[in-house]
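**Student:** Please find model.cif (mmCIF, C-alpha atoms and all ligand atoms) on the next line:
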data_target
loop_
_atom_site.label_atom_id
_atom_site.label_comp_id
_atom_site.auth_asym_id
_atom_site.auth_seq_id
_atom_site.Cartn_x
_atom_site.Cartn_y
_atom_site.Cartn_z
CA MET Y 242 -112.15 213.41 28.20
CA LYS Y 243 -109.57 216.15 28.54
CA SER Y 244 -110.57 219.20 30.58
CA ARG Y 245 -110.52 222.82 29.49
CA ARG Y 246 -107.67 223.33 31.94
CA HIS Y 247 -105.72 220.52 30.29
CA PHE Y 248 -106.36 222.11 26.89
CA LEU Y 249 -105.12 225.46 28.16
CA GLN Y 250 -102.06 223.86 29.71
CA THR Y 251 -100.98 221.93 26.64
CA ILE Y 252 -102.03 224.14 23.75
CA ALA Y 253 -99.09 224.82 21.46
CA ALA Y 254 -100.45 227.39 18.99
CA PRO Y 255 -99.12 230.95 19.15
CA LEU Y 256 -101.27 233.29 21.22
CA ALA Y 257 -101.87 235.55 18.22
CA VAL Y 258 -103.96 232.88 16.48
CA LEU Y 259 -106.29 232.38 19.43
CA PRO Y 260 -108.62 235.36 19.24
CA PHE Y 261 -111.54 233.26 20.52
CA LEU Y 262 -110.01 232.95 23.97
CA SER Y 263 -110.78 235.41 26.75
CA LYS Y 264 -108.15 237.59 28.41
CA LYS Y 265 -108.27 235.26 31.45
CA ASP Y 266 -107.65 232.21 29.23
CA LEU Y 267 -104.69 233.92 27.58
CA GLU Y 268 -103.24 234.83 30.95
CA GLU Y 269 -103.58 231.22 32.08
CA ILE Y 270 -101.77 229.95 28.96
CA THR Y 271 -98.97 232.46 29.42
CA ASP Y 272 -98.69 231.56 33.09
CA ASN Y 273 -98.54 227.83 32.37
CA ARG Y 274 -95.96 228.33 29.62
CA SER Y 275 -93.67 230.22 31.94
CA LYS Y 276 -94.08 227.37 34.46
CA ARG Y 277 -93.22 224.58 32.01
CA TYR Y 278 -90.82 222.18 33.70
CA ASP Y 279 -88.02 220.32 31.94
CA GLY Y 280 -86.06 219.12 34.98
CA PRO Y 281 -85.78 215.70 36.60
CA ILE Y 282 -88.86 213.83 37.81
CA LEU Y 283 -88.91 211.74 40.99
CA ARG Y 284 -90.53 208.39 40.15
CA VAL Y 285 -92.30 207.11 43.25
CA ALA Y 286 -93.87 203.80 44.30
CA ILE Y 287 -96.43 204.04 47.10
CA MET Y 288 -96.44 201.27 49.72
CA GLY Y 289 -99.71 200.89 51.66
CA LEU Y 290 -102.73 201.71 49.52
CA GLY Y 291 -105.00 202.90 52.35
CA SER Y 292 -106.77 206.16 52.96
CA TYR Y 293 -103.73 208.45 53.19
CA GLY Y 294 -101.93 206.59 50.39
CA THR Y 295 -104.91 207.30 48.16
CA ARG Y 296 -104.88 210.98 49.12
CA VAL Y 297 -101.19 211.20 48.22
CA ALA Y 298 -101.74 209.35 44.93
CA ASP Y 299 -104.57 211.70 43.95
CA ALA Y 300 -102.52 214.76 44.89
CA MET Y 301 -99.55 213.47 42.89
CA GLN Y 302 -101.61 213.63 39.71
CA SER Y 303 -101.06 217.42 39.86
CA CYS Y 304 -97.31 217.23 40.54
CA THR Y 305 -94.84 218.52 37.97
CA LYS Y 306 -91.65 217.13 39.53
CA ALA Y 307 -92.85 213.82 40.99
CA LYS Y 308 -94.78 210.97 39.42
CA LEU Y 309 -96.56 207.96 40.86
CA VAL Y 310 -95.17 205.02 38.88
CA GLY Y 311 -95.47 201.99 41.17
CA VAL Y 312 -97.29 200.31 44.04
CA ILE Y 313 -96.53 197.88 46.86
CA SER Y 314 -99.54 196.21 48.47
CA GLY Y 315 -100.64 192.94 50.01
CA THR Y 316 -104.07 193.16 48.36
CA PRO Y 317 -104.11 192.16 44.65
CA SER Y 318 -107.50 193.82 44.00
CA LYS Y 319 -106.18 197.18 45.26
CA ILE Y 320 -103.19 196.85 42.94
CA THR Y 321 -105.47 196.22 39.95
CA ASN Y 322 -107.64 199.22 40.88
CA TRP Y 323 -104.65 201.51 41.25
CA GLN Y 324 -103.14 200.26 37.98
CA ALA Y 325 -106.32 201.26 36.17
CA LYS Y 326 -106.83 204.52 38.05
CA TYR Y 327 -103.25 205.80 37.90
CA ASN Y 328 -101.95 204.03 34.81
CA ILE Y 329 -99.33 201.94 36.62
CA PRO Y 330 -97.50 199.29 34.57
CA GLU Y 331 -97.49 195.67 35.78
CA LYS Y 332 -93.69 195.63 36.04
CA ASN Y 333 -93.87 198.32 38.79
CA CYS Y 334 -96.28 196.37 41.04
CA TYR Y 335 -95.00 194.52 44.10
CA ASN Y 336 -96.27 192.85 47.26
CA TYR Y 337 -94.71 192.74 50.74
CA GLU Y 338 -92.94 189.44 49.98
CA ASN Y 339 -91.25 190.39 46.72
CA PHE Y 340 -90.67 194.15 46.93
CA ASP Y 341 -86.92 193.69 47.58
CA ASN Y 342 -86.78 193.00 43.81
CA ILE Y 343 -87.40 196.70 43.30
CA LYS Y 344 -83.60 196.94 43.37
CA ASN Y 345 -83.61 195.60 39.81
CA ASN Y 346 -86.16 198.15 38.63
CA PRO Y 347 -84.47 201.22 37.12
CA ASP Y 348 -87.82 202.99 36.66
CA ILE Y 349 -88.46 203.61 40.38
CA ASP Y 350 -86.41 206.15 42.38
CA ALA Y 351 -88.19 206.20 45.75
CA VAL Y 352 -90.71 204.31 47.85
CA TYR Y 353 -93.24 206.25 49.95
CA ILE Y 354 -94.18 204.11 52.98
CA ILE Y 355 -97.77 204.85 54.06
CA THR Y 356 -98.47 201.78 56.21
CA PRO Y 357 -99.36 201.57 59.93
CA ASN Y 358 -96.60 203.10 62.07
CA SER Y 359 -94.81 199.98 63.32
CA LEU Y 360 -94.11 198.88 59.74
CA HIS Y 361 -92.28 202.07 58.74
CA LYS Y 362 -88.94 200.94 60.17
CA PRO Y 363 -88.70 197.36 58.87
CA TYR Y 364 -89.95 198.36 55.42
CA ALA Y 365 -87.74 201.46 55.26
CA ILE Y 366 -84.70 199.32 55.95
CA ARG Y 367 -85.66 196.88 53.18
CA VAL Y 368 -86.27 199.75 50.74
CA ALA Y 369 -82.88 201.26 51.60
CA LYS Y 370 -81.19 197.89 51.08
CA ALA Y 371 -82.83 197.78 47.65
CA GLY Y 372 -81.04 201.05 46.88
CA LYS Y 373 -84.14 203.25 46.66
CA HIS Y 374 -84.77 206.54 48.43
CA VAL Y 375 -87.14 206.26 51.38
CA ILE Y 376 -90.06 208.54 52.15
CA SER Y 377 -91.78 207.53 55.40
CA GLU Y 378 -95.01 208.74 56.83
CA LYS Y 379 -95.09 210.19 60.34
CA PRO Y 380 -94.34 209.07 62.97
CA MET Y 381 -91.18 207.87 61.24
CA ALA Y 382 -90.75 205.09 63.84
CA LEU Y 383 -92.06 203.98 67.23
CA ASN Y 384 -89.20 205.52 69.20
CA ALA Y 385 -85.93 207.39 68.76
CA ARG Y 386 -83.80 204.24 68.83
CA GLU Y 387 -85.74 202.79 65.90
CA GLY Y 388 -85.55 206.13 64.12
CA GLU Y 389 -81.77 206.20 64.49
CA GLU Y 390 -81.58 202.69 63.02
CA MET Y 391 -83.49 203.95 59.97
CA VAL Y 392 -81.18 206.96 59.59
CA ALA Y 393 -78.12 204.67 59.81
CA ALA Y 394 -79.54 202.15 57.30
CA CYS Y 395 -80.27 204.88 54.76
CA LYS Y 396 -76.84 206.45 55.23
CA LYS Y 397 -75.18 203.07 54.75
CA ALA Y 398 -77.18 202.43 51.58
CA ASN Y 399 -76.46 205.99 50.37
CA VAL Y 400 -80.13 206.81 49.90
CA LYS Y 401 -82.12 209.75 51.24
CA LEU Y 402 -84.63 209.38 54.07
CA LEU Y 403 -87.45 211.93 54.14
CA VAL Y 404 -90.59 212.13 56.26
CA GLY Y 405 -94.06 213.27 55.19
CA TYR Y 406 -94.04 216.50 57.19
CA ARG Y 407 -96.41 218.24 54.78
CA MET Y 408 -96.80 221.34 57.00
CA HIS Y 409 -93.15 222.20 56.34
CA PHE Y 410 -94.20 223.37 52.88
CA GLU Y 411 -97.54 224.99 53.77
CA PRO Y 412 -97.55 228.66 52.68
CA LYS Y 413 -99.20 230.27 55.75
CA THR Y 414 -97.03 228.19 58.08
CA LEU Y 415 -93.93 229.29 56.15
CA GLU Y 416 -95.03 232.94 56.39
CA VAL Y 417 -95.28 232.69 60.20
CA ILE Y 418 -91.83 231.07 60.26
CA ARG Y 419 -90.49 233.89 58.06
CA MET Y 420 -92.01 236.52 60.38
CA ARG Y 421 -90.51 234.82 63.40
CA LYS Y 422 -87.08 234.61 61.77
CA ASP Y 423 -87.31 238.29 60.78
CA GLY Y 424 -88.04 239.22 64.40
CA GLU Y 425 -91.59 240.44 63.72
CA PHE Y 426 -92.92 238.72 66.86
CA GLY Y 427 -89.96 239.87 68.94
CA LYS Y 428 -88.59 237.46 71.53
CA ILE Y 429 -90.76 234.33 71.50
CA LEU Y 430 -92.39 233.66 74.85
CA PHE Y 431 -95.09 231.02 74.43
CA PHE Y 432 -96.53 228.40 72.08
CA GLN Y 433 -99.78 226.54 72.46
CA GLY Y 434 -100.55 223.48 70.31
CA LEU Y 435 -103.87 221.64 70.42
CA SER Y 436 -104.01 218.48 68.31
CA GLY Y 437 -106.78 215.95 68.44
CA PHE Y 438 -109.91 214.34 67.16
CA ARG Y 439 -112.46 211.88 68.47
CA ILE Y 440 -111.47 208.44 67.26
CA GLY Y 441 -114.16 205.98 66.13
CA ASP Y 442 -113.90 202.24 65.41
CA PRO Y 443 -112.19 200.63 68.44
CA THR Y 444 -110.81 197.81 66.26
CA GLN Y 445 -108.73 200.02 63.95
CA TRP Y 446 -104.92 199.77 63.90
CA ARG Y 447 -104.58 203.27 65.39
CA LEU Y 448 -105.81 201.82 68.72
CA ASN Y 449 -103.56 198.76 68.52
CA LYS Y 450 -100.30 199.26 70.43
CA GLN Y 451 -98.52 196.69 68.26
CA LEU Y 452 -99.24 198.55 65.01
CA ALA Y 453 -99.56 202.15 66.19
CA GLY Y 454 -96.86 202.20 68.88
CA GLY Y 455 -99.11 204.29 71.11
CA GLY Y 456 -102.28 206.29 70.80
CA SER Y 457 -103.07 209.92 70.06
CA MET Y 458 -99.52 211.15 70.63
CA MET Y 459 -97.95 209.06 67.83
CA ASP Y 460 -100.74 209.92 65.43
CA ILE Y 461 -101.89 213.49 66.03
CA GLY Y 462 -100.00 214.86 69.06
CA ILE Y 463 -96.87 214.69 66.91
CA TYR Y 464 -98.18 217.77 65.06
CA SER Y 465 -97.95 219.83 68.24
CA VAL Y 466 -94.53 218.35 69.05
CA ASN Y 467 -93.16 219.17 65.61
CA GLY Y 468 -95.10 222.46 65.40
CA ALA Y 469 -93.73 223.68 68.74
CA ARG Y 470 -90.24 223.32 67.25
CA TYR Y 471 -90.84 225.09 63.96
CA MET Y 472 -93.05 227.81 65.46
CA VAL Y 473 -90.72 228.65 68.39
CA GLY Y 474 -87.60 228.05 66.28
CA GLU Y 475 -85.62 226.31 69.03
CA GLU Y 476 -85.13 222.77 70.30
CA PRO Y 477 -86.74 222.04 73.68
CA VAL Y 478 -84.51 221.24 76.65
CA TRP Y 479 -87.07 219.79 79.03
CA VAL Y 480 -90.48 218.09 79.00
CA THR Y 481 -93.22 217.51 81.56
CA ALA Y 482 -96.39 215.58 80.72
CA GLN Y 483 -99.59 214.21 82.21
CA GLU Y 484 -101.83 211.47 80.83
CA THR Y 485 -105.59 211.22 81.34
CA LYS Y 486 -107.48 208.01 80.58
CA THR Y 487 -111.21 207.73 81.18
CA ASP Y 488 -111.89 204.77 78.85
CA PRO Y 489 -109.37 201.97 79.52
CA VAL Y 490 -111.41 199.52 77.45
CA LYS Y 491 -111.06 201.50 74.22
CA PHE Y 492 -107.61 202.90 75.10
CA LYS Y 493 -105.69 199.85 76.29
CA GLU Y 494 -102.32 199.72 78.06
CA GLY Y 495 -99.80 201.75 76.05
CA VAL Y 496 -102.47 203.48 73.94
CA ASP Y 497 -102.85 207.04 75.17
CA GLN Y 498 -106.22 208.74 75.07
CA THR Y 499 -105.21 212.26 76.16
CA ILE Y 500 -101.81 213.70 77.06
CA GLN Y 501 -101.02 217.27 78.08
CA PHE Y 502 -97.36 218.17 77.77
CA GLN Y 503 -95.17 221.17 78.36
CA LEU Y 504 -91.84 221.99 76.73
CA GLY Y 505 -89.15 224.41 77.86
CA PHE Y 506 -86.76 226.07 75.37
CA PRO Y 507 -83.26 227.48 75.93
CA SER Y 508 -84.44 231.10 75.52
CA GLY Y 509 -86.95 230.65 78.34
CA ALA Y 510 -89.93 230.26 75.96
CA VAL Y 511 -92.42 227.60 77.01
CA ALA Y 512 -94.99 225.48 75.18
CA SER Y 513 -98.21 223.99 76.49
CA CYS Y 514 -99.81 221.33 74.30
CA LEU Y 515 -102.63 218.82 74.21
CA SER Y 516 -102.81 215.57 72.27
CA THR Y 517 -106.09 213.67 72.28
CA TYR Y 518 -108.22 210.99 70.66
CA ASP Y 519 -111.18 212.16 72.68
CA MET Y 520 -112.17 215.67 71.59
CA ASN Y 521 -113.56 216.87 68.31
CA GLY Y 522 -111.66 218.96 65.77
CA LEU Y 523 -108.85 220.19 67.98
CA ASP Y 524 -106.39 221.81 65.59
CA LYS Y 525 -104.97 225.10 66.81
CA PHE Y 526 -101.55 226.75 67.12
CA TYR Y 527 -100.89 229.99 68.98
CA LEU Y 528 -97.51 231.73 69.14
CA ASN Y 529 -96.84 234.69 71.38
CA GLY Y 530 -93.84 236.99 71.35
CA GLU Y 531 -92.91 240.31 72.93
CA LYS Y 532 -94.00 242.22 69.81
CA GLY Y 533 -96.88 240.17 68.44
CA PHE Y 534 -98.64 236.87 67.89
CA ALA Y 535 -99.72 234.28 65.32
CA GLU Y 536 -102.84 232.21 65.61
CA MET Y 537 -103.71 229.35 63.25
CA GLN Y 538 -106.91 227.36 63.27
CA PRO Y 539 -107.03 224.94 61.58
CA SER Y 540 -103.26 224.71 61.85
CA THR Y 541 -102.31 221.27 60.53
CA GLY Y 542 -105.37 219.77 58.81
CA TYR Y 543 -105.46 219.24 55.06
CA GLY Y 544 -106.47 222.85 54.64
CA PRO Y 545 -107.08 225.49 53.82
CA ILE Y 546 -105.11 226.52 56.88
CA MET Y 547 -106.51 229.72 58.37
CA GLY Y 548 -104.69 232.18 60.52
CA ARG Y 549 -103.87 235.70 61.52
CA THR Y 550 -101.09 237.56 63.19
CA HIS Y 551 -100.96 240.93 64.99
CA LYS Y 552 -100.49 242.36 61.46
CA GLY Y 553 -103.71 240.89 60.06
CA GLU Y 554 -105.05 237.84 58.23
CA LEU Y 555 -102.66 235.38 56.62
CA THR Y 556 -103.65 235.43 52.96
CA GLN Y 557 -101.20 233.05 51.26
CA PRO Y 558 -103.22 230.88 48.85
CA HIS Y 559 -103.98 227.28 49.72
CA LYS Y 560 -102.15 224.60 47.74
CA THR Y 561 -102.85 220.88 48.10
CA HIS Y 562 -100.29 219.94 50.75
CA GLN Y 563 -99.35 216.56 49.31
CA THR Y 564 -98.82 217.95 45.79
CA VAL Y 565 -96.45 220.62 47.05
CA GLN Y 566 -94.72 218.16 49.38
CA MET Y 567 -94.00 215.66 46.61
CA ASP Y 568 -92.74 218.32 44.18
CA GLU Y 569 -90.47 219.69 46.92
CA MET Y 570 -89.29 216.20 47.87
CA SER Y 571 -88.35 215.66 44.23
CA ASP Y 572 -86.12 218.75 44.37
CA ILE Y 573 -84.65 217.69 47.73
CA ILE Y 574 -83.82 214.17 46.52
CA LEU Y 575 -82.83 214.87 42.93
CA THR Y 576 -81.23 218.31 43.06
CA GLY Y 577 -80.13 218.58 46.70
CA LYS Y 578 -82.45 221.51 47.50
CA GLN Y 579 -82.54 222.42 51.20
CA PRO Y 580 -86.07 222.89 52.60
CA ILE Y 581 -86.78 225.86 54.90
CA VAL Y 582 -87.74 223.43 57.70
CA PRO Y 583 -85.91 220.06 57.50
CA ILE Y 584 -87.89 216.92 56.63
CA ASP Y 585 -85.12 214.35 56.93
CA GLY Y 586 -84.66 211.38 59.22
CA GLU Y 587 -82.62 213.39 61.75
CA GLU Y 588 -85.50 215.88 62.05
CA ALA Y 589 -87.91 213.01 62.72
CA VAL Y 590 -85.60 211.49 65.35
CA LYS Y 591 -85.83 214.79 67.28
CA ASP Y 592 -89.63 214.47 67.41
CA LEU Y 593 -89.29 210.83 68.48
CA LYS Y 594 -86.87 211.78 71.28
CA ILE Y 595 -89.38 214.35 72.53
CA MET Y 596 -92.22 211.80 72.38
CA ASP Y 597 -90.08 209.21 74.20
CA ALA Y 598 -89.54 211.85 76.91
CA ILE Y 599 -93.26 212.71 77.00
CA PHE Y 600 -94.11 209.03 77.64
CA GLU Y 601 -91.39 208.83 80.30
CA ALA Y 602 -92.70 211.99 81.97
CA CYS Y 603 -96.24 210.53 82.00
CA ARG Y 604 -94.94 207.31 83.56
CA THR Y 605 -92.69 208.88 86.18
CA GLY Y 606 -94.31 212.25 86.82
CA LYS Y 607 -90.82 213.75 86.47
CA LYS Y 608 -89.45 216.64 84.43
CA ILE Y 609 -87.30 215.02 81.72
CA THR Y 610 -84.22 216.75 80.37
CA LEU Y 611 -83.77 216.63 76.62
CA GLU Y 612 -80.65 216.76 74.47
CA LEU Y 613 -81.58 216.95 70.79
P1 LIG S 1 -105.02 203.14 56.57
O1 LIG S 1 -105.45 202.11 57.53
O2 LIG S 1 -106.08 203.85 55.79
O3 LIG S 1 -104.01 202.52 55.50
C1 LIG S 1 -102.95 201.68 55.89
C2 LIG S 1 -102.58 200.77 54.74
O4 LIG S 1 -101.52 199.92 55.15
C3 LIG S 1 -103.75 199.90 54.28
O5 LIG S 1 -103.83 199.91 52.89
C4 LIG S 1 -103.37 198.51 54.79
O6 LIG S 1 -103.85 197.48 53.97
C5 LIG S 1 -101.85 198.57 54.74
N1 LIG S 1 -101.18 197.60 55.60
C6 LIG S 1 -100.06 196.95 55.27
N2 LIG S 1 -99.72 196.08 56.23
C7 LIG S 1 -100.64 196.20 57.19
C8 LIG S 1 -100.82 195.54 58.44
N3 LIG S 1 -99.98 194.61 58.89
N4 LIG S 1 -101.89 195.91 59.19
C9 LIG S 1 -102.75 196.86 58.78
N5 LIG S 1 -102.62 197.50 57.58
C10 LIG S 1 -101.58 197.17 56.80
O7 LIG S 1 -104.13 204.18 57.37
P2 LIG S 1 -103.71 205.63 56.90
O8 LIG S 1 -104.62 206.61 57.50
O9 LIG S 1 -103.53 205.65 55.42
O10 LIG S 1 -102.29 205.79 57.65
C11 LIG S 1 -101.12 205.20 57.15
C12 LIG S 1 -99.90 206.02 57.62
O11 LIG S 1 -100.00 207.35 57.14
C13 LIG S 1 -99.77 206.14 59.13
O12 LIG S 1 -98.42 206.04 59.51
C14 LIG S 1 -100.31 207.50 59.46
O13 LIG S 1 -99.74 208.09 60.61
C15 LIG S 1 -99.90 208.26 58.21
N6 LIG S 1 -100.80 209.40 57.92
C16 LIG S 1 -100.25 210.60 57.68
C17 LIG S 1 -101.05 211.70 57.41
C18 LIG S 1 -100.45 213.02 57.11
O14 LIG S 1 -101.19 213.99 57.01
N7 LIG S 1 -99.14 213.12 56.93
C19 LIG S 1 -102.43 211.54 57.39
C20 LIG S 1 -102.98 210.27 57.62
C21 LIG S 1 -102.15 209.20 57.89
#
Re-express the file's structure as structure tokens.
**Tutor:**
Amino acid sequence: MKSRRHFLQTIAAPLAVLPFLSKKDLEEITDNRSKRYDGPILRVAIMGLGSYGTRVADAMQSCTKAKLVGVISGTPSKITNWQAKYNIPEKNCYNYENFDNIKNNPDIDAVYIITPNSLHKPYAIRVAKAGKHVISEKPMALNAREGEEMVAACKKANVKLLVGYRMHFEPKTLEVIRMRKDGEFGKILFFQGLSGFRIGDPTQWRLNKQLAGGGSMMDIGIYSVNGARYMVGEEPVWVTAQETKTDPVKFKEGVDQTIQFQLGFPSGAVASCLSTYDMNGLDKFYLNGEKGFAEMQPSTGYGPIMGRTHKGELTQPHKTHQTVQMDEMSDIILTGKQPIVPIDGEEAVKDLKIMDAIFEACRTGKKITLEL
């Protein structure tokens, strides 16, 4: 059954003949008419129909510039469910053995890889070879070397490589970035990023080095790594880091439980961050400058993001992150739009270089110099 909203969005009669509608309804119609979109649509196949893939698929139902048109999965029953739920034609359904054939499918522009981390690279390279644009979830790869291979493969195939950095489109985050660029915080001095949650099921892939490439840092600490860069607005030049492990049974060799890390920036600003799989609901950013501050908590969850600065509450309205991200990615891929904060493969390689250095610092106890 079509909703009232759908009716209001699609109604074609002139406003003058709709006296039974309220002022609010009329405003909504007018608003939707002015937003009508006739431009190109990015047609996306999702690979990996798990929990985040489902969240993205649901969010894409509200996109105007991107459309979910295909799936790639190793589980036939999931494909059938998704076909029914999202109206996906049989000809756009693939499994991990045959998805290279996507090259012969003119109805798919891009593949969004939402599998466990270690599969991003090999699948991205196959997608690129099939001539389709690649969208990869974070972390883009297990290390910077792998990330660079992905960038090179996509360049060679002349396809775009984007990463699901949804915070780069989040309105309150963008307002803090605008304030920082406009000098409203003055010289930036300090950033604090706290990223973590308490992980459950010890058998899940997130605790498997082979599939996850690490532990909390690859999964959730990456938000503080990436956030430190877009909040401070510089690239770090050194890293120090310390790992704490109290449960070596659950967090095996190469799977970090908790890491504290510090970053130094060329201006002299410093960052102090925590990545953990062992504390509940840790999701906070704090930025301090000579003239003011920004504080966000939650800072990177699915939202609404909440925050304030020295000037007061951040009031930008919440929008479903994945809907905005996919509409923006459509513009970036199809019309060459430049995002305010980059989301391309090179951007992701910078995060991977920092994480490589964080692991090295944990291993050696040394301060690691970075060149990004
Ligand atoms: P998930 O376990 O819910 O889903 C993973 C999917 O990959 C499943 O459908 C699984 O069947 C499939 N898969 C394919 N090959 C597999 C294999 N060899 N082993 C295990 N599973 C395999 O995980 P998720 O939470 O959806 O995470 C998937 C990716 O999305 C990860 O890279 C994660 O970091 C990322 N992610 C990003 C965000 C974000 O906010 N940007 C949020 C959650 C997850």
**Student:** Show me the residues around (-81.8, 209.1, 72.9) - criterion: an atom at most 12 Å away, all atoms listed in the file counted - as a list of chain:residue names.
**Tutor:**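 The distance filter leaves exactly Y:Asn384, Y:Ala385, Y:Arg386, Y:Glu387, Y:Gly388, Y:Glu389, Y:Glu390, Y:Glu587, Y:Val590, Y:Lys591, Y:Asp592, Y:Leu593, Y:Lys594, Y:Ile595, Y:Met596, Y:Asp597, Y:Ala598, Y:Ile609, Y:Thr610, Y:Leu611, Y:Glu612, Y:Leu613.
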**Student:** What lies within 10 Å of range 465-473 of chain Y using all atoms listed in the file, ignoring chain neighbours under 4 positions off, as a PyMOL selection string?
**Tutor:** chain Y and resi 406+408-409+414-415+417-419+421-422+428-437+458-459+461+477+502-504+506+508+510-516+524-530+535+540-541+581-583+588-589+591-593+595-596+599
**Student:** Counting all atoms listed in the file, figure out which residue out of Y:Ile574, Y:Met420, Y:Ile320, Y:Val368 gets nearest to Lys532 in chain Y.
**Tutor:**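 Going through Y:Ile574, Y:Met420, Y:Ile320, Y:Val368 one by one, the smallest distance to Lys532 in chain Y is for Y:Met420.
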**Student:** Kindly provide, as a list in words, all nucleotide and amino acid residues lying within 6 Å of ligand LIG 1 (chain S), counting all atoms listed in the file.
**Tutor:**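 Checked against 6 Å with all atoms listed in the file; the hits are Gly289, Leu290, Gly291, Ser292, Tyr293, Gly294, Ile355, Thr356, Pro357, Asn358, Glu378, Lys379, Pro380, Gly405 and Asp460 of chain Y.
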**Student:** What is the CA of Pro347 in chain Y-CA of Arg296 in chain Y distance in Å, reported with one decimal?
**Tutor:**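 Answer for the CA of Pro347 in chain Y to CA of Arg296 in chain Y separation: 25.6 Å.
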